[in-house]
Amino acid sequence: MPRIALYTLVVCLLAVAAAVVSFAQGSWLGIVWVLLAGLSSNMTWYYVKRGRAAAAQEKSVTG
């Protein structure tokens, strides 16, 4: 897994935790955290797929 995918996964998990805490305290600011979690989740999937495609292409070129 590419390093940037791990970073975006960590951001996603932290945003989810922040959303839970925010909603538990009764703040509507949690909506922003939910949106950030969705964005970082999509970025994680993108970089994971991109990393797999690059690895597959490298394997086919060298193999």
# chains A, B, ... in the order shown; residues from 1 in each chain; ligands from 1
$ residues_around --residues "segment 5-21 of chain A" --least-positions-apart "6" --cutoff "10 Å" --atoms "only C-alpha atoms" --output "list of chain:residue names"
A:Ser27, A:Trp28, A:Leu29, A:Gly30, A:Ile31, A:Val32, A:Trp33, A:Val34, A:Leu35, A:Leu36, A:Ala37, A:Gly38, A:Leu39, A:Ser40, A:Ser41, A:Asn42, A:Met43, A:Thr44, A:Trp45, A:Tyr46, A:Tyr47, A:Val48, A:Lys49, A:Arg50, A:Gly51
$ decode --residues "segment 3-19 of chain A" --atoms "all heavy atoms" --output "PDB file, in the first residue's frame"
ATOM      1  N   ARG A   3       2.394   4.909   0.622  1.00  0.00           N
ATOM      2  CA  ARG A   3       2.442   5.673   1.862  1.00  0.00           C
ATOM      3  C   ARG A   3       1.329   6.717   1.928  1.00  0.00           C
ATOM      4  O   ARG A   3       0.717   6.919   2.978  1.00  0.00           O
ATOM      5  CB  ARG A   3       3.796   6.359   1.986  1.00  0.00           C
ATOM      6  CG  ARG A   3       3.975   7.055   3.321  1.00  0.00           C
ATOM      7  CD  ARG A   3       5.323   7.696   3.448  1.00  0.00           C
ATOM      8  NE  ARG A   3       6.361   6.702   3.255  1.00  0.00           N
ATOM      9  CZ  ARG A   3       7.644   6.996   3.187  1.00  0.00           C
ATOM     10  NH1 ARG A   3       8.038   8.256   3.268  1.00  0.00           N
ATOM     11  NH2 ARG A   3       8.532   6.044   3.022  1.00  0.00           N
ATOM     12  N   ILE A   4       1.039   7.360   0.815  1.00  0.00           N
ATOM     13  CA  ILE A   4      -0.003   8.395   0.821  1.00  0.00           C
ATOM     14  C   ILE A   4      -1.376   7.779   1.109  1.00  0.00           C
ATOM     15  O   ILE A   4      -2.230   8.407   1.731  1.00  0.00           O
ATOM     16  CB  ILE A   4      -0.007   9.212  -0.478  1.00  0.00           C
ATOM     17  CG1 ILE A   4      -0.873  10.453  -0.297  1.00  0.00           C
ATOM     18  CG2 ILE A   4      -0.463   8.395  -1.650  1.00  0.00           C
ATOM     19  CD1 ILE A   4      -0.561  11.555  -1.259  1.00  0.00           C
ATOM     20  N   ALA A   5      -1.584   6.537   0.702  1.00  0.00           N
ATOM     21  CA  ALA A   5      -2.848   5.863   1.019  1.00  0.00           C
ATOM     22  C   ALA A   5      -2.964   5.636   2.522  1.00  0.00           C
ATOM     23  O   ALA A   5      -4.055   5.765   3.091  1.00  0.00           O
ATOM     24  CB  ALA A   5      -2.947   4.547   0.263  1.00  0.00           C
ATOM     25  N   LEU A   6      -1.853   5.319   3.156  1.00  0.00           N
ATOM     26  CA  LEU A   6      -1.883   5.146   4.615  1.00  0.00           C
ATOM     27  C   LEU A   6      -2.175   6.473   5.319  1.00  0.00           C
ATOM     28  O   LEU A   6      -2.932   6.508   6.300  1.00  0.00           O
ATOM     29  CB  LEU A   6      -0.554   4.583   5.105  1.00  0.00           C
ATOM     30  CG  LEU A   6      -0.257   3.145   4.705  1.00  0.00           C
ATOM     31  CD1 LEU A   6       1.143   2.755   5.142  1.00  0.00           C
ATOM     32  CD2 LEU A   6      -1.282   2.206   5.313  1.00  0.00           C
ATOM     33  N   TYR A   7      -1.594   7.552   4.807  1.00  0.00           N
ATOM     34  CA  TYR A   7      -1.849   8.863   5.400  1.00  0.00           C
ATOM     35  C   TYR A   7      -3.317   9.251   5.268  1.00  0.00           C
ATOM     36  O   TYR A   7      -3.923   9.755   6.226  1.00  0.00           O
ATOM     37  CB  TYR A   7      -0.990   9.932   4.743  1.00  0.00           C
ATOM     38  CG  TYR A   7       0.481   9.838   5.057  1.00  0.00           C
ATOM     39  CD1 TYR A   7       1.423  10.331   4.175  1.00  0.00           C
ATOM     40  CD2 TYR A   7       0.950   9.258   6.230  1.00  0.00           C
ATOM     41  CE1 TYR A   7       2.779  10.249   4.448  1.00  0.00           C
ATOM     42  CE2 TYR A   7       2.290   9.162   6.508  1.00  0.00           C
ATOM     43  CZ  TYR A   7       3.203   9.665   5.620  1.00  0.00           C
ATOM     44  OH  TYR A   7       4.540   9.596   5.902  1.00  0.00           O
ATOM     45  N   THR A   8      -3.894   9.027   4.104  1.00  0.00           N
ATOM     46  CA  THR A   8      -5.302   9.384   3.927  1.00  0.00           C
ATOM     47  C   THR A   8      -6.211   8.483   4.759  1.00  0.00           C
ATOM     48  O   THR A   8      -7.257   8.930   5.223  1.00  0.00           O
ATOM     49  CB  THR A   8      -5.712   9.327   2.447  1.00  0.00           C
ATOM     50  OG1 THR A   8      -5.438   8.033   1.918  1.00  0.00           O
ATOM     51  CG2 THR A   8      -4.982  10.379   1.638  1.00  0.00           C
ATOM     52  N   LEU A   9      -5.799   7.234   4.958  1.00  0.00           N
ATOM     53  CA  LEU A   9      -6.577   6.348   5.829  1.00  0.00           C
ATOM     54  C   LEU A   9      -6.554   6.848   7.269  1.00  0.00           C
ATOM     55  O   LEU A   9      -7.584   6.847   7.955  1.00  0.00           O
ATOM     56  CB  LEU A   9      -6.031   4.919   5.746  1.00  0.00           C
ATOM     57  CG  LEU A   9      -6.732   3.874   6.602  1.00  0.00           C
ATOM     58  CD1 LEU A   9      -8.186   3.733   6.177  1.00  0.00           C
ATOM     59  CD2 LEU A   9      -6.011   2.542   6.514  1.00  0.00           C
ATOM     60  N   VAL A  10      -5.408   7.305   7.726  1.00  0.00           N
ATOM     61  CA  VAL A  10      -5.306   7.855   9.083  1.00  0.00           C
ATOM     62  C   VAL A  10      -6.166   9.104   9.214  1.00  0.00           C
ATOM     63  O   VAL A  10      -6.878   9.272  10.212  1.00  0.00           O
ATOM     64  CB  VAL A  10      -3.829   8.150   9.436  1.00  0.00           C
ATOM     65  CG1 VAL A  10      -3.719   8.967  10.706  1.00  0.00           C
ATOM     66  CG2 VAL A  10      -3.046   6.851   9.566  1.00  0.00           C
ATOM     67  N   VAL A  11      -6.143   9.965   8.206  1.00  0.00           N
ATOM     68  CA  VAL A  11      -6.977  11.173   8.227  1.00  0.00           C
ATOM     69  C   VAL A  11      -8.452  10.790   8.274  1.00  0.00           C
ATOM     70  O   VAL A  11      -9.246  11.398   9.013  1.00  0.00           O
ATOM     71  CB  VAL A  11      -6.677  12.064   7.006  1.00  0.00           C
ATOM     72  CG1 VAL A  11      -7.715  13.166   6.867  1.00  0.00           C
ATOM     73  CG2 VAL A  11      -5.290  12.656   7.121  1.00  0.00           C
ATOM     74  N   CYS A  12      -8.823   9.766   7.521  1.00  0.00           N
ATOM     75  CA  CYS A  12     -10.215   9.307   7.518  1.00  0.00           C
ATOM     76  C   CYS A  12     -10.635   8.817   8.904  1.00  0.00           C
ATOM     77  O   CYS A  12     -11.705   9.180   9.403  1.00  0.00           O
ATOM     78  CB  CYS A  12     -10.382   8.204   6.475  1.00  0.00           C
ATOM     79  SG  CYS A  12     -12.055   7.564   6.376  1.00  0.00           S
ATOM     80  N   LEU A  13      -9.808   8.010   9.518  1.00  0.00           N
ATOM     81  CA  LEU A  13     -10.139   7.481  10.842  1.00  0.00           C
ATOM     82  C   LEU A  13     -10.212   8.590  11.895  1.00  0.00           C
ATOM     83  O   LEU A  13     -11.113   8.586  12.750  1.00  0.00           O
ATOM     84  CB  LEU A  13      -9.119   6.431  11.248  1.00  0.00           C
ATOM     85  CG  LEU A  13      -9.115   5.149  10.401  1.00  0.00           C
ATOM     86  CD1 LEU A  13      -7.976   4.241  10.820  1.00  0.00           C
ATOM     87  CD2 LEU A  13     -10.450   4.439  10.495  1.00  0.00           C
ATOM     88  N   LEU A  14      -9.295   9.545  11.813  1.00  0.00           N
ATOM     89  CA  LEU A  14      -9.335  10.664  12.755  1.00  0.00           C
ATOM     90  C   LEU A  14     -10.565  11.541  12.532  1.00  0.00           C
ATOM     91  O   LEU A  14     -11.161  12.039  13.491  1.00  0.00           O
ATOM     92  CB  LEU A  14      -8.060  11.493  12.636  1.00  0.00           C
ATOM     93  CG  LEU A  14      -6.788  10.835  13.162  1.00  0.00           C
ATOM     94  CD1 LEU A  14      -5.580  11.697  12.840  1.00  0.00           C
ATOM     95  CD2 LEU A  14      -6.885  10.569  14.649  1.00  0.00           C
ATOM     96  N   ALA A  15     -10.954  11.724  11.280  1.00  0.00           N
ATOM     97  CA  ALA A  15     -12.146  12.525  10.992  1.00  0.00           C
ATOM     98  C   ALA A  15     -13.406  11.832  11.507  1.00  0.00           C
ATOM     99  O   ALA A  15     -14.320  12.496  12.016  1.00  0.00           O
ATOM    100  CB  ALA A  15     -12.249  12.791   9.497  1.00  0.00           C
ATOM    101  N   VAL A  16     -13.460  10.526  11.378  1.00  0.00           N
ATOM    102  CA  VAL A  16     -14.617   9.789  11.904  1.00  0.00           C
ATOM    103  C   VAL A  16     -14.674   9.920  13.425  1.00  0.00           C
ATOM    104  O   VAL A  16     -15.748  10.150  14.001  1.00  0.00           O
ATOM    105  CB  VAL A  16     -14.559   8.300  11.476  1.00  0.00           C
ATOM    106  CG1 VAL A  16     -15.567   7.469  12.238  1.00  0.00           C
ATOM    107  CG2 VAL A  16     -14.788   8.185   9.975  1.00  0.00           C
ATOM    108  N   ALA A  17     -13.528   9.781  14.075  1.00  0.00           N
ATOM    109  CA  ALA A  17     -13.492   9.931  15.533  1.00  0.00           C
ATOM    110  C   ALA A  17     -13.913  11.342  15.937  1.00  0.00           C
ATOM    111  O   ALA A  17     -14.674  11.530  16.902  1.00  0.00           O
ATOM    112  CB  ALA A  17     -12.099   9.617  16.054  1.00  0.00           C
ATOM    113  N   ALA A  18     -13.441  12.348  15.206  1.00  0.00           N
ATOM    114  CA  ALA A  18     -13.821  13.732  15.514  1.00  0.00           C
ATOM    115  C   ALA A  18     -15.315  13.948  15.296  1.00  0.00           C
ATOM    116  O   ALA A  18     -15.957  14.677  16.061  1.00  0.00           O
ATOM    117  CB  ALA A  18     -13.013  14.690  14.650  1.00  0.00           C
ATOM    118  N   ALA A  19     -15.882  13.326  14.273  1.00  0.00           N
ATOM    119  CA  ALA A  19     -17.320  13.459  14.021  1.00  0.00           C
ATOM    120  C   ALA A  19     -18.122  12.834  15.152  1.00  0.00           C
ATOM    121  O   ALA A  19     -19.123  13.410  15.608  1.00  0.00           O
ATOM    122  CB  ALA A  19     -17.680  12.808  12.692  1.00  0.00           C
TER     123      ALA A  19
END
